[in-house]
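Novice: First the structure, which I've put down as structure tokens, then a few questions once you've had a look.
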Amino acid sequence: MAGKILIVDDEPDMLKLLTMIIKEKTSHDVTSTNNPLEALDIFKNNKFDLLITDLKMPGLDGIELLKAVRVIDQSIPVIMITAYAANGAADEAFVNVAFDFIIKPFRKEQVLFAIERALKWAEMEKENKMLKAKAQP
């Protein structure tokens, strides 16, 4: 199953790299932006299955973006990517319900594994909600 993925990173080279990794190895549809404020508008106007975001960005950091996205869609998995893992950023990301946390530099297999795991989890969550709704009298 091909998913729709939104990637947000203020570094254009990182956006290109992530997009290339995903498009070369999967059939997922990728939308990307280096502007986190624009990302929020894109997210509001489109349905995505996964959000991949950098943690440290100007204007709106990854945690703030995660919180804003959760207002719109509580169930979307979010993968945080950062070079700042030593300062407690991972703890804050998980407290705010990030699905996974990837530390730069990363291997492409690590990214692909996290994506597939997140999308499978999201699919199971949808099935679970559907089954619960069917079970209601």
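If you're wondering about the labels, chains in the structure tokens are A, B, ... by order shown, residues count from 1 in each chain, ligands from 1 in order shown.
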Excluding Ile52 in chain A and any residue of its chain fewer than 2 positions from it, enumerate the residues within 7 Å of it, using only C-alpha atoms, and give them as a PDB file with N, CA and C atoms, in the first residue's frame.
Specialist:
```pdb
ATOM      1  N   LEU A   6       4.324  13.593   4.056  1.00  0.00           N
ATOM      2  CA  LEU A   6       4.737  14.998   4.054  1.00  0.00           C
ATOM      3  C   LEU A   6       6.063  15.086   4.791  1.00  0.00           C
ATOM      4  N   ILE A   7       7.072  15.670   4.125  1.00  0.00           N
ATOM      5  CA  ILE A   7       8.390  15.853   4.724  1.00  0.00           C
ATOM      6  C   ILE A   7       8.631  17.340   4.923  1.00  0.00           C
ATOM      7  N   VAL A   8       9.084  17.715   6.129  1.00  0.00           N
ATOM      8  CA  VAL A   8       9.354  19.112   6.453  1.00  0.00           C
ATOM      9  C   VAL A   8      10.758  19.204   7.039  1.00  0.00           C
ATOM     10  N   LEU A  50       1.566  10.031   6.847  1.00  0.00           N
ATOM     11  CA  LEU A  50       2.765  10.125   7.671  1.00  0.00           C
ATOM     12  C   LEU A  50       3.371  11.516   7.530  1.00  0.00           C
ATOM     13  N   VAL A  78       4.109  10.507  13.358  1.00  0.00           N
ATOM     14  CA  VAL A  78       5.086  11.559  13.077  1.00  0.00           C
ATOM     15  C   VAL A  78       6.471  11.023  13.411  1.00  0.00           C
ATOM     16  N   ILE A  79       7.372  11.146  12.440  1.00  0.00           N
ATOM     17  CA  ILE A  79       8.766  10.766  12.650  1.00  0.00           C
ATOM     18  C   ILE A  79       9.584  12.052  12.722  1.00  0.00           C
ATOM     19  N   MET A  80      10.298  12.226  13.827  1.00  0.00           N
ATOM     20  CA  MET A  80      11.175  13.384  14.020  1.00  0.00           C
ATOM     21  C   MET A  80      12.588  13.011  13.600  1.00  0.00           C
TER      22      MET A  80
END
```
Novice: Return as a ChimeraX atom specification the full set of residues in chain A whose backbone-based DSSP assignment is strand (DSSP E).
Specialist: /A:4-8,29-33,50-54,78-82,100-103
Novice: Those residues with C-alpha atoms, as a short mmCIF file (atom, residue, chain, number, x, y, z; two decimals), in the first residue's frame please?
Specialist:
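Written output follows (result.cif):
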```cif
data_model
loop_
_atom_site.label_atom_id
_atom_site.label_comp_id
_atom_site.auth_asym_id
_atom_site.auth_seq_id
_atom_site.Cartn_x
_atom_site.Cartn_y
_atom_site.Cartn_z
CA LYS A 4 1.11 9.88 1.30
CA ILE A 5 4.06 11.36 3.16
CA LEU A 6 4.74 15.00 4.05
CA ILE A 7 8.39 15.85 4.72
CA VAL A 8 9.35 19.11 6.45
CA ASP A 29 3.75 9.71 -2.71
CA VAL A 30 5.99 12.44 -1.24
CA THR A 31 5.24 16.12 -0.69
CA SER A 32 8.00 18.24 0.81
CA THR A 33 8.62 21.77 1.99
CA LEU A 50 2.76 10.13 7.67
CA LEU A 51 4.61 13.29 8.66
CA ILE A 52 8.42 13.37 8.73
CA THR A 53 9.81 16.56 10.25
CA ASP A 54 13.07 18.04 11.40
CA VAL A 78 5.09 11.56 13.08
CA ILE A 79 8.77 10.77 12.65
CA MET A 80 11.18 13.38 14.02
CA ILE A 81 14.63 13.75 12.51
CA THR A 82 17.36 15.72 14.26
CA ASP A 100 9.74 7.59 16.06
CA PHE A 101 12.92 9.61 16.37
CA ILE A 102 15.82 9.38 13.90
CA ILE A 103 19.20 10.93 14.65
#
```
Novice: Determine the nearest neighbour of Leu40 in chain A from the options A:Ile63, A:Ala114, A:Ile21, A:Val69, counting only C-alpha atoms.
Specialist: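 Looking at the shortest contact to Leu40 in chain A, the residue is A:Val69.
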Novice: Provide the CA of Ala122 in chain A to CA of Ser27 in chain A distance in Å, to one decimal place.
Specialist: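 Distance between the two atoms: 17.0 Å.
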Novice: Using only C-alpha atoms, pick whichever of A:Lys132, A:Lys44, A:Lys108, A:Lys56 has the shortest atom-to-atom distance to Leu17 in chain A.
Specialist: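 Going through A:Lys132, A:Lys44, A:Lys108, A:Lys56 one by one, the smallest distance to Leu17 in chain A is for A:Lys108.
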Novice: Using only C-alpha atoms, find the one residue out of A:Lys47, A:Lys134, A:Lys126, A:Arg107 that sits nearest to Leu18 in chain A.
Specialist: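 Looking at the shortest contact to Leu18 in chain A, the residue is A:Arg107.
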Novice: Quick check for you: according to DSSP on this backbone, which residues of range 43-83 of chain A are classed as helix (DSSP H, G or I)? Reply as JSON, numbers by chain.
Specialist: {"A": [43, 44, 45, 62, 63, 64, 65, 66, 67, 68, 69, 70, 71, 72]}
Novice: Now that the selection is made, can you save its residues with N, CA and C atoms as a compact mmCIF listing (two decimals), in the first residue's frame?
Specialist:
```txt
# COMPACT_ATOMS: atom_id res chain seq x y z
N PHE A 43 -0.71 20.59 5.21
CA PHE A 43 -1.33 19.52 6.00
C PHE A 43 -2.82 19.75 6.18
N LYS A 44 -3.21 21.00 6.41
CA LYS A 44 -4.62 21.32 6.60
C LYS A 44 -5.45 21.04 5.35
N ASN A 45 -4.84 21.17 4.19
CA ASN A 45 -5.57 21.08 2.93
C ASN A 45 -5.43 19.73 2.22
N GLY A 62 9.92 21.51 15.11
CA GLY A 62 9.24 20.23 14.92
C GLY A 62 8.23 19.90 16.00
N ILE A 63 8.53 20.24 17.25
CA ILE A 63 7.60 19.98 18.35
C ILE A 63 6.35 20.83 18.19
N GLU A 64 6.52 22.10 17.84
CA GLU A 64 5.36 22.98 17.63
C GLU A 64 4.53 22.50 16.45
N LEU A 65 5.21 22.06 15.39
CA LEU A 65 4.49 21.52 14.23
C LEU A 65 3.72 20.26 14.62
N LEU A 66 4.36 19.38 15.38
CA LEU A 66 3.70 18.16 15.86
C LEU A 66 2.44 18.49 16.65
N LYS A 67 2.54 19.45 17.55
CA LYS A 67 1.37 19.83 18.35
C LYS A 67 0.25 20.39 17.47
N ALA A 68 0.60 21.21 16.48
CA ALA A 68 -0.41 21.79 15.58
C ALA A 68 -1.06 20.72 14.72
N VAL A 69 -0.26 19.76 14.26
CA VAL A 69 -0.78 18.67 13.44
C VAL A 69 -1.73 17.79 14.25
N ARG A 70 -1.40 17.57 15.52
CA ARG A 70 -2.25 16.75 16.39
C ARG A 70 -3.64 17.35 16.60
N VAL A 71 -3.77 18.66 16.49
CA VAL A 71 -5.07 19.30 16.58
C VAL A 71 -5.92 18.92 15.37
N ILE A 72 -5.28 18.77 14.22
CA ILE A 72 -5.97 18.45 12.98
C ILE A 72 -6.22 16.95 12.85
```
Novice: Quick one: pull the distance between CA of Asp13 in chain A and CA of Pro58 in chain A, Å, one decimal.
Specialist: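 One can read the CA of Asp13 in chain A to CA of Pro58 in chain A distance as 16.2 Å.
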Novice: I need the residue nearest Ile115 in chain A from this list: A:Asp9, A:Phe99, A:Lys16, A:Gln136. Use only C-alpha atoms for the distance.
Specialist: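 Nearest to Ile115 in chain A: A:Phe99.
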Novice: If you measure from CA of Gly3 in chain A to CA of Glu109 in chain A, what distance in Å do you get, rounded to one decimal?
Specialist: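 If I compute the distance from CA of Gly3 in chain A to CA of Glu109 in chain A, I get 17.6 Å.
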Novice: Need to verify the contact set: Leu37 in chain A, 8 Å, only C-alpha atoms, exclusion of same-chain residues closer than 3 positions in sequence. Can you return it as a PyMOL selection string?
Specialist: chain A and resi 40-41+59-60
